[in-house]
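What follows is the content of structure-v6.cif, which has mmCIF, N, CA and C atoms and all ligand atoms:
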data_input
#
loop_
_atom_site.label_atom_id
_atom_site.label_comp_id
_atom_site.auth_asym_id
_atom_site.auth_seq_id
_atom_site.Cartn_x
_atom_site.Cartn_y
_atom_site.Cartn_z
N MET L 6 -17.25 11.02 -3.66
CA MET L 6 -15.97 11.18 -4.33
C MET L 6 -16.15 10.95 -5.82
N ALA L 7 -15.59 11.80 -6.62
CA ALA L 7 -15.72 11.67 -8.07
C ALA L 7 -14.88 10.50 -8.56
N ASP L 8 -15.42 9.78 -9.56
CA ASP L 8 -14.69 8.65 -10.13
C ASP L 8 -13.35 9.06 -10.69
N SER L 9 -13.25 10.31 -11.14
CA SER L 9 -12.04 10.75 -11.81
C SER L 9 -10.84 10.79 -10.88
N SER L 10 -11.07 10.65 -9.56
CA SER L 10 -9.93 10.66 -8.65
C SER L 10 -9.19 9.33 -8.65
N PHE L 11 -9.79 8.30 -9.26
CA PHE L 11 -9.10 7.01 -9.35
C PHE L 11 -8.15 6.99 -10.54
N VAL L 12 -6.96 6.46 -10.30
CA VAL L 12 -5.93 6.37 -11.33
C VAL L 12 -5.56 4.90 -11.51
N THR L 13 -5.46 4.46 -12.75
CA THR L 13 -5.04 3.07 -13.01
C THR L 13 -3.54 2.95 -12.74
N VAL L 14 -3.18 1.98 -11.89
CA VAL L 14 -1.78 1.82 -11.53
C VAL L 14 -1.21 0.47 -11.96
N ALA L 15 -2.07 -0.49 -12.25
CA ALA L 15 -1.58 -1.82 -12.62
C ALA L 15 -2.72 -2.62 -13.24
N LYS L 16 -2.35 -3.73 -13.85
CA LYS L 16 -3.33 -4.73 -14.28
C LYS L 16 -3.41 -5.79 -13.18
N THR L 17 -4.57 -6.40 -13.06
CA THR L 17 -4.71 -7.42 -12.01
C THR L 17 -3.68 -8.53 -12.19
N ALA L 18 -3.34 -8.85 -13.46
CA ALA L 18 -2.38 -9.94 -13.72
C ALA L 18 -0.96 -9.57 -13.27
N ASP L 19 -0.71 -8.27 -13.03
CA ASP L 19 0.64 -7.84 -12.61
C ASP L 19 0.94 -8.22 -11.16
N LEU L 20 -0.09 -8.50 -10.41
CA LEU L 20 0.08 -8.62 -8.96
C LEU L 20 -0.70 -9.83 -8.45
N GLN L 21 0.02 -10.90 -8.19
CA GLN L 21 -0.61 -12.13 -7.70
C GLN L 21 -0.79 -12.05 -6.18
N PRO L 22 -1.66 -12.89 -5.63
CA PRO L 22 -1.84 -12.90 -4.17
C PRO L 22 -0.50 -13.08 -3.45
N GLY L 23 -0.27 -12.25 -2.44
CA GLY L 23 0.99 -12.32 -1.69
C GLY L 23 2.07 -11.44 -2.25
N GLU L 24 1.77 -10.74 -3.35
CA GLU L 24 2.78 -9.87 -3.96
C GLU L 24 2.46 -8.40 -3.70
N MET L 25 3.50 -7.57 -3.83
CA MET L 25 3.29 -6.12 -3.74
C MET L 25 4.18 -5.44 -4.76
N MET L 26 3.86 -4.21 -5.08
CA MET L 26 4.66 -3.47 -6.04
C MET L 26 4.62 -1.98 -5.73
N TYR L 27 5.69 -1.32 -6.15
CA TYR L 27 5.76 0.14 -5.99
C TYR L 27 5.09 0.79 -7.19
N VAL L 28 4.20 1.74 -6.92
CA VAL L 28 3.59 2.52 -8.01
C VAL L 28 3.58 3.98 -7.56
N GLU L 29 3.28 4.86 -8.50
CA GLU L 29 3.15 6.26 -8.13
C GLU L 29 1.79 6.76 -8.59
N VAL L 30 1.18 7.56 -7.75
CA VAL L 30 -0.07 8.22 -8.12
C VAL L 30 0.20 9.71 -7.98
N GLY L 31 0.25 10.40 -9.11
CA GLY L 31 0.75 11.77 -9.08
C GLY L 31 2.20 11.70 -8.62
N ASP L 32 2.54 12.48 -7.60
CA ASP L 32 3.90 12.43 -7.06
C ASP L 32 4.00 11.52 -5.85
N GLU L 33 2.91 10.87 -5.53
CA GLU L 33 2.85 10.13 -4.27
C GLU L 33 3.35 8.69 -4.45
N PRO L 34 4.31 8.26 -3.63
CA PRO L 34 4.77 6.87 -3.69
C PRO L 34 3.76 5.96 -3.01
N VAL L 35 3.38 4.90 -3.69
CA VAL L 35 2.33 4.02 -3.17
C VAL L 35 2.80 2.57 -3.22
N CYS L 36 2.54 1.86 -2.18
CA CYS L 36 2.81 0.42 -2.12
C CYS L 36 1.48 -0.30 -2.35
N LEU L 37 1.38 -1.00 -3.48
CA LEU L 37 0.15 -1.70 -3.85
C LEU L 37 0.33 -3.17 -3.50
N ILE L 38 -0.63 -3.71 -2.76
CA ILE L 38 -0.50 -5.07 -2.22
C ILE L 38 -1.71 -5.90 -2.61
N ASN L 39 -1.44 -7.12 -3.04
CA ASN L 39 -2.50 -8.10 -3.22
C ASN L 39 -2.46 -9.04 -2.03
N LEU L 40 -3.43 -8.87 -1.13
CA LEU L 40 -3.48 -9.67 0.09
C LEU L 40 -4.58 -10.72 -0.11
N ASP L 41 -4.17 -11.90 -0.53
CA ASP L 41 -5.12 -13.00 -0.77
C ASP L 41 -6.27 -12.58 -1.69
N GLY L 42 -5.95 -11.81 -2.72
CA GLY L 42 -6.97 -11.44 -3.68
C GLY L 42 -7.61 -10.09 -3.40
N GLU L 43 -7.37 -9.53 -2.21
CA GLU L 43 -7.85 -8.16 -1.91
C GLU L 43 -6.72 -7.20 -2.20
N TYR L 44 -7.03 -6.14 -2.91
CA TYR L 44 -5.99 -5.15 -3.19
C TYR L 44 -6.02 -4.05 -2.14
N HIS L 45 -4.83 -3.65 -1.71
CA HIS L 45 -4.69 -2.58 -0.73
C HIS L 45 -3.60 -1.64 -1.20
N ALA L 46 -3.74 -0.36 -0.86
CA ALA L 46 -2.72 0.63 -1.22
C ALA L 46 -2.37 1.45 0.01
N LEU L 47 -1.08 1.53 0.28
CA LEU L 47 -0.58 2.32 1.41
C LEU L 47 0.45 3.30 0.88
N ASN L 48 0.63 4.39 1.59
CA ASN L 48 1.75 5.24 1.25
C ASN L 48 3.02 4.40 1.38
N ASP L 49 3.92 4.50 0.39
CA ASP L 49 5.08 3.61 0.36
C ASP L 49 6.16 3.99 1.37
N THR L 50 6.08 5.21 1.90
CA THR L 50 7.17 5.68 2.76
C THR L 50 6.87 5.36 4.22
N CYS L 51 7.76 4.60 4.83
CA CYS L 51 7.60 4.26 6.24
C CYS L 51 7.52 5.54 7.06
N THR L 52 6.66 5.54 8.08
CA THR L 52 6.51 6.75 8.90
C THR L 52 7.62 6.87 9.93
N HIS L 53 8.51 5.89 10.00
CA HIS L 53 9.62 5.97 10.95
C HIS L 53 10.78 6.75 10.36
N GLN L 54 11.42 6.20 9.29
CA GLN L 54 12.56 6.92 8.70
C GLN L 54 12.64 6.81 7.19
N GLU L 55 11.53 6.87 6.50
CA GLU L 55 11.54 7.03 5.05
C GLU L 55 12.03 5.83 4.26
N ALA L 56 11.98 4.64 4.81
CA ALA L 56 12.27 3.47 3.98
C ALA L 56 11.09 3.22 3.04
N SER L 57 11.36 2.46 1.98
CA SER L 57 10.32 2.13 1.01
C SER L 57 9.66 0.81 1.43
N LEU L 58 8.39 0.89 1.80
CA LEU L 58 7.71 -0.31 2.31
C LEU L 58 7.62 -1.42 1.27
N SER L 59 7.61 -1.03 -0.01
CA SER L 59 7.52 -2.07 -1.05
C SER L 59 8.80 -2.90 -1.14
N ASP L 60 9.86 -2.46 -0.45
CA ASP L 60 11.08 -3.29 -0.33
C ASP L 60 11.01 -4.20 0.90
N GLY L 61 9.94 -4.10 1.64
CA GLY L 61 9.79 -4.90 2.85
C GLY L 61 9.16 -6.25 2.56
N GLU L 62 8.52 -6.81 3.58
CA GLU L 62 7.95 -8.16 3.44
C GLU L 62 6.54 -8.20 3.97
N ILE L 63 5.71 -8.97 3.28
CA ILE L 63 4.36 -9.22 3.78
C ILE L 63 4.43 -10.38 4.77
N GLN L 64 3.91 -10.15 5.96
CA GLN L 64 3.86 -11.20 6.98
C GLN L 64 2.42 -11.30 7.43
N GLY L 65 1.72 -12.30 6.96
CA GLY L 65 0.30 -12.41 7.29
C GLY L 65 -0.42 -11.22 6.71
N ASP L 66 -1.16 -10.48 7.56
CA ASP L 66 -1.84 -9.28 7.06
C ASP L 66 -1.11 -8.01 7.49
N GLU L 67 0.19 -8.15 7.69
CA GLU L 67 1.02 -6.99 8.05
C GLU L 67 2.14 -6.83 7.03
N ILE L 68 2.64 -5.59 6.93
CA ILE L 68 3.80 -5.36 6.08
C ILE L 68 4.94 -4.88 6.98
N GLU L 69 6.08 -5.56 6.80
CA GLU L 69 7.23 -5.25 7.63
C GLU L 69 8.19 -4.36 6.87
N CYS L 70 8.59 -3.28 7.50
CA CYS L 70 9.53 -2.33 6.90
C CYS L 70 10.91 -3.00 6.75
N PRO L 71 11.61 -2.72 5.63
CA PRO L 71 12.91 -3.36 5.42
C PRO L 71 14.01 -2.81 6.30
N LEU L 72 13.79 -1.66 6.92
CA LEU L 72 14.92 -0.99 7.57
C LEU L 72 15.11 -1.37 9.05
N HIS L 73 14.06 -1.24 9.85
CA HIS L 73 14.23 -1.52 11.28
C HIS L 73 13.22 -2.52 11.81
N GLY L 74 12.51 -3.18 10.91
CA GLY L 74 11.58 -4.22 11.37
C GLY L 74 10.26 -3.71 11.92
N GLY L 75 10.00 -2.42 11.78
CA GLY L 75 8.67 -1.92 12.15
C GLY L 75 7.64 -2.51 11.21
N ALA L 76 6.36 -2.49 11.62
CA ALA L 76 5.34 -3.09 10.76
C ALA L 76 4.02 -2.34 10.89
N PHE L 77 3.23 -2.48 9.81
CA PHE L 77 1.90 -1.85 9.75
C PHE L 77 0.86 -2.91 9.38
N ALA L 78 -0.37 -2.72 9.87
CA ALA L 78 -1.48 -3.54 9.41
C ALA L 78 -1.82 -3.11 7.99
N ILE L 79 -1.85 -4.07 7.06
CA ILE L 79 -2.06 -3.71 5.65
C ILE L 79 -3.44 -3.09 5.44
N ARG L 80 -4.45 -3.61 6.13
CA ARG L 80 -5.81 -3.11 5.88
C ARG L 80 -6.06 -1.71 6.42
N THR L 81 -5.38 -1.37 7.52
CA THR L 81 -5.70 -0.10 8.18
C THR L 81 -4.55 0.90 8.21
N GLY L 82 -3.32 0.42 7.98
CA GLY L 82 -2.15 1.29 8.09
C GLY L 82 -1.71 1.52 9.53
N ALA L 83 -2.36 0.84 10.47
CA ALA L 83 -2.02 1.05 11.88
C ALA L 83 -0.64 0.46 12.19
N PRO L 84 0.11 1.15 13.04
CA PRO L 84 1.41 0.61 13.44
C PRO L 84 1.21 -0.62 14.32
N VAL L 85 1.96 -1.69 14.06
CA VAL L 85 1.80 -2.91 14.86
C VAL L 85 3.12 -3.43 15.43
N ALA L 86 4.24 -2.85 15.01
CA ALA L 86 5.51 -3.30 15.58
C ALA L 86 6.47 -2.12 15.70
N PHE L 87 7.11 -2.02 16.86
CA PHE L 87 8.09 -0.98 17.12
C PHE L 87 9.24 -1.10 16.12
N PRO L 88 9.88 -0.02 15.65
CA PRO L 88 9.78 1.35 16.16
C PRO L 88 8.73 2.22 15.46
N VAL L 89 7.83 1.60 14.71
CA VAL L 89 6.80 2.38 14.04
C VAL L 89 5.71 2.74 15.05
N VAL L 90 5.39 4.02 15.17
CA VAL L 90 4.33 4.43 16.09
C VAL L 90 3.27 5.28 15.41
N THR L 91 3.55 5.74 14.19
CA THR L 91 2.61 6.59 13.46
C THR L 91 1.99 5.79 12.33
N PRO L 92 0.66 5.82 12.18
CA PRO L 92 0.03 5.08 11.09
C PRO L 92 0.52 5.57 9.73
N VAL L 93 0.50 4.70 8.75
CA VAL L 93 0.79 5.09 7.38
C VAL L 93 -0.55 5.28 6.67
N GLU L 94 -0.61 6.23 5.75
CA GLU L 94 -1.87 6.48 5.05
C GLU L 94 -2.26 5.28 4.19
N VAL L 95 -3.53 4.96 4.20
CA VAL L 95 -4.06 3.94 3.30
C VAL L 95 -5.04 4.61 2.34
N TYR L 96 -5.08 4.09 1.12
CA TYR L 96 -5.87 4.74 0.08
C TYR L 96 -6.95 3.81 -0.45
N ARG L 97 -7.86 4.39 -1.17
CA ARG L 97 -8.95 3.61 -1.77
C ARG L 97 -8.42 2.86 -2.99
N VAL L 98 -8.86 1.63 -3.12
CA VAL L 98 -8.48 0.81 -4.27
C VAL L 98 -9.74 0.19 -4.86
N ARG L 99 -9.80 0.11 -6.17
CA ARG L 99 -10.90 -0.62 -6.80
C ARG L 99 -10.36 -1.32 -8.04
N VAL L 100 -11.09 -2.34 -8.46
CA VAL L 100 -10.73 -3.06 -9.68
C VAL L 100 -11.84 -2.80 -10.69
N VAL L 101 -11.45 -2.32 -11.86
CA VAL L 101 -12.40 -2.09 -12.95
C VAL L 101 -11.92 -2.93 -14.13
N GLY L 102 -12.67 -3.96 -14.46
CA GLY L 102 -12.21 -4.89 -15.49
C GLY L 102 -10.93 -5.55 -15.00
N ASP L 103 -9.85 -5.37 -15.76
CA ASP L 103 -8.57 -5.96 -15.31
C ASP L 103 -7.61 -4.88 -14.83
N GLU L 104 -8.17 -3.71 -14.50
CA GLU L 104 -7.31 -2.61 -14.05
C GLU L 104 -7.46 -2.37 -12.55
N VAL L 105 -6.33 -2.20 -11.88
CA VAL L 105 -6.35 -1.85 -10.46
C VAL L 105 -6.18 -0.33 -10.38
N GLN L 106 -7.10 0.30 -9.68
CA GLN L 106 -7.09 1.76 -9.61
C GLN L 106 -7.01 2.21 -8.15
N VAL L 107 -6.28 3.31 -7.96
CA VAL L 107 -6.08 3.85 -6.62
C VAL L 107 -6.53 5.32 -6.60
N ALA L 108 -7.19 5.72 -5.53
CA ALA L 108 -7.51 7.13 -5.31
C ALA L 108 -6.80 7.57 -4.04
N LEU L 109 -6.16 8.71 -4.08
CA LEU L 109 -5.33 9.13 -2.97
C LEU L 109 -6.11 9.56 -1.73
N LEU L 110 -7.40 9.76 -1.87
CA LEU L 110 -8.18 10.09 -0.69
C LEU L 110 -8.07 8.94 0.29
N GLU L 111 -7.90 9.27 1.56
CA GLU L 111 -7.81 8.20 2.56
C GLU L 111 -9.14 7.49 2.64
N ARG L 112 -9.10 6.18 2.82
CA ARG L 112 -10.36 5.44 2.87
C ARG L 112 -10.90 5.41 4.28
S1 LIG E 201 12.27 3.19 8.56
FE1 LIG E 201 10.66 1.76 8.76
S2 LIG E 201 10.94 0.95 10.75
FE2 LIG E 201 12.53 2.41 10.57
#
Translate the structure described by the file into structure tokens.
Amino acid sequence: MADSSFVTVAKTADLQPGEMMYVEVGDEPVCLINLDGEYHALNDTCTHQEASLSDGEIQGDEIECPLHGGAFAIRTGAPVAFPVVTPVEVYRVRVVGDEVQVALLER
């Protein structure tokens, strides 16, 4: 994968452990999460009914959707709580200096 596919979306100082934020990469809505110092990026749109996952809550290593309580594993995007049954896309994330960068290719 070419390095140019990574886009800077935040500074590391913008996102402390346990926090998440909504960012966009191109036209794609992305939920950027700092999970105990590891950065993860998921498509922000819940696969159930289009809620914004960045309005939800981090519970351990899962993210809970704000609308119906469905949840996904942050590391893999796998559905872990009903009514979510379809995985959400997860993207590549890297830190370069103090910049957090996301590439839309699935990891
Ligand atoms: S929209 Fe996310 S669980 Fe329903």
**OP:** Set the cut-off to 7 Å, count only N, CA and C atoms and all ligand atoms, and list whatever residues fall near ligand LIG 201 (chain E) as JSON, numbers by chain.
**Re:** {"L": [50, 51, 52, 53, 54, 55, 56, 57, 69, 70, 71, 72, 73, 74, 75, 76, 87, 88, 89]}
Original post:
How many Å separate atom CA of L:Ser59 from atom C of L:Thr17?
Top reply: 17.1 Å
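If you measure from each of L:Ile63, L:Val28, L:Leu58, L:Val98 to L:Asp41 using only C-alpha atoms, the closest one turns out to be L:Ile63.
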Once you count only C-alpha atoms, which residues end up no further than 12 Å from (-11.2, -2.1, -9.6) in the file's frame, shown as a PDB file with N, CA and C atoms, in the frame of the given file?
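That gives us point34.pdb:
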ATOM      1  N   ASP L   8     -15.420   9.780  -9.560  1.00  0.00           N
ATOM      2  CA  ASP L   8     -14.690   8.650 -10.130  1.00  0.00           C
ATOM      3  C   ASP L   8     -13.350   9.060 -10.690  1.00  0.00           C
ATOM      4  N   PHE L  11      -9.790   8.300  -9.260  1.00  0.00           N
ATOM      5  CA  PHE L  11      -9.100   7.010  -9.350  1.00  0.00           C
ATOM      6  C   PHE L  11      -8.150   6.990 -10.540  1.00  0.00           C
ATOM      7  N   VAL L  12      -6.960   6.460 -10.300  1.00  0.00           N
ATOM      8  CA  VAL L  12      -5.930   6.370 -11.330  1.00  0.00           C
ATOM      9  C   VAL L  12      -5.560   4.900 -11.510  1.00  0.00           C
ATOM     10  N   THR L  13      -5.460   4.460 -12.750  1.00  0.00           N
ATOM     11  CA  THR L  13      -5.040   3.070 -13.010  1.00  0.00           C
ATOM     12  C   THR L  13      -3.540   2.950 -12.740  1.00  0.00           C
ATOM     13  N   VAL L  14      -3.180   1.980 -11.890  1.00  0.00           N
ATOM     14  CA  VAL L  14      -1.780   1.820 -11.530  1.00  0.00           C
ATOM     15  C   VAL L  14      -1.210   0.470 -11.960  1.00  0.00           C
ATOM     16  N   ALA L  15      -2.070  -0.490 -12.250  1.00  0.00           N
ATOM     17  CA  ALA L  15      -1.580  -1.820 -12.620  1.00  0.00           C
ATOM     18  C   ALA L  15      -2.720  -2.620 -13.240  1.00  0.00           C
ATOM     19  N   LYS L  16      -2.350  -3.730 -13.850  1.00  0.00           N
ATOM     20  CA  LYS L  16      -3.330  -4.730 -14.280  1.00  0.00           C
ATOM     21  C   LYS L  16      -3.410  -5.790 -13.180  1.00  0.00           C
ATOM     22  N   THR L  17      -4.570  -6.400 -13.060  1.00  0.00           N
ATOM     23  CA  THR L  17      -4.710  -7.420 -12.010  1.00  0.00           C
ATOM     24  C   THR L  17      -3.680  -8.530 -12.190  1.00  0.00           C
ATOM     25  N   GLY L  42      -5.950 -11.810  -2.720  1.00  0.00           N
ATOM     26  CA  GLY L  42      -6.970 -11.440  -3.680  1.00  0.00           C
ATOM     27  C   GLY L  42      -7.610 -10.090  -3.400  1.00  0.00           C
ATOM     28  N   GLU L  43      -7.370  -9.530  -2.210  1.00  0.00           N
ATOM     29  CA  GLU L  43      -7.850  -8.160  -1.910  1.00  0.00           C
ATOM     30  C   GLU L  43      -6.720  -7.200  -2.200  1.00  0.00           C
ATOM     31  N   TYR L  44      -7.030  -6.140  -2.910  1.00  0.00           N
ATOM     32  CA  TYR L  44      -5.990  -5.150  -3.190  1.00  0.00           C
ATOM     33  C   TYR L  44      -6.020  -4.050  -2.140  1.00  0.00           C
ATOM     34  N   HIS L  45      -4.830  -3.650  -1.710  1.00  0.00           N
ATOM     35  CA  HIS L  45      -4.690  -2.580  -0.730  1.00  0.00           C
ATOM     36  C   HIS L  45      -3.600  -1.640  -1.200  1.00  0.00           C
ATOM     37  N   ARG L  97      -7.860   4.390  -1.170  1.00  0.00           N
ATOM     38  CA  ARG L  97      -8.950   3.610  -1.770  1.00  0.00           C
ATOM     39  C   ARG L  97      -8.420   2.860  -2.990  1.00  0.00           C
ATOM     40  N   VAL L  98      -8.860   1.630  -3.120  1.00  0.00           N
ATOM     41  CA  VAL L  98      -8.480   0.810  -4.270  1.00  0.00           C
ATOM     42  C   VAL L  98      -9.740   0.190  -4.860  1.00  0.00           C
ATOM     43  N   ARG L  99      -9.800   0.110  -6.170  1.00  0.00           N
ATOM     44  CA  ARG L  99     -10.900  -0.620  -6.800  1.00  0.00           C
ATOM     45  C   ARG L  99     -10.360  -1.320  -8.040  1.00  0.00           C
ATOM     46  N   VAL L 100     -11.090  -2.340  -8.460  1.00  0.00           N
ATOM     47  CA  VAL L 100     -10.730  -3.060  -9.680  1.00  0.00           C
ATOM     48  C   VAL L 100     -11.840  -2.800 -10.690  1.00  0.00           C
ATOM     49  N   VAL L 101     -11.450  -2.320 -11.860  1.00  0.00           N
ATOM     50  CA  VAL L 101     -12.400  -2.090 -12.950  1.00  0.00           C
ATOM     51  C   VAL L 101     -11.920  -2.930 -14.130  1.00  0.00           C
ATOM     52  N   GLY L 102     -12.670  -3.960 -14.460  1.00  0.00           N
ATOM     53  CA  GLY L 102     -12.210  -4.890 -15.490  1.00  0.00           C
ATOM     54  C   GLY L 102     -10.930  -5.550 -15.000  1.00  0.00           C
ATOM     55  N   ASP L 103      -9.850  -5.370 -15.760  1.00  0.00           N
ATOM     56  CA  ASP L 103      -8.570  -5.960 -15.310  1.00  0.00           C
ATOM     57  C   ASP L 103      -7.610  -4.880 -14.830  1.00  0.00           C
ATOM     58  N   GLU L 104      -8.170  -3.710 -14.500  1.00  0.00           N
ATOM     59  CA  GLU L 104      -7.310  -2.610 -14.050  1.00  0.00           C
ATOM     60  C   GLU L 104      -7.460  -2.370 -12.550  1.00  0.00           C
ATOM     61  N   VAL L 105      -6.330  -2.200 -11.880  1.00  0.00           N
ATOM     62  CA  VAL L 105      -6.350  -1.850 -10.460  1.00  0.00           C
ATOM     63  C   VAL L 105      -6.180  -0.330 -10.380  1.00  0.00           C
ATOM     64  N   GLN L 106      -7.100   0.300  -9.680  1.00  0.00           N
ATOM     65  CA  GLN L 106      -7.090   1.760  -9.610  1.00  0.00           C
ATOM     66  C   GLN L 106      -7.010   2.210  -8.150  1.00  0.00           C
ATOM     67  N   VAL L 107      -6.280   3.310  -7.960  1.00  0.00           N
ATOM     68  CA  VAL L 107      -6.080   3.850  -6.620  1.00  0.00           C
ATOM     69  C   VAL L 107      -6.530   5.320  -6.600  1.00  0.00           C
ATOM     70  N   ALA L 108      -7.190   5.720  -5.530  1.00  0.00           N
ATOM     71  CA  ALA L 108      -7.510   7.130  -5.310  1.00  0.00           C
ATOM     72  C   ALA L 108      -6.800   7.570  -4.040  1.00  0.00           C
TER      73      ALA L 108
END
Original post:
Please, what distance in Å, to one decimal, runs between atom N of L:Met25 and atom CA of L:Leu37?
Top reply: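 If I compute the distance from atom N of L:Met25 to atom CA of L:Leu37, I get 6.8 Å.
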Original post:
Separation of atom C of L:Ser10 and atom N of L:Ile68, in Å?
Top reply: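 Computing it gives 24.6 Å between the two atoms.
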Original post:
Between L:Gln64, L:Asn39, L:Ala46, L:Gly82, which is the closest to L:Tyr96 once you count only N, CA and C atoms?
Top reply: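 The shortest atom-to-atom distance to L:Tyr96 comes from L:Ala46.
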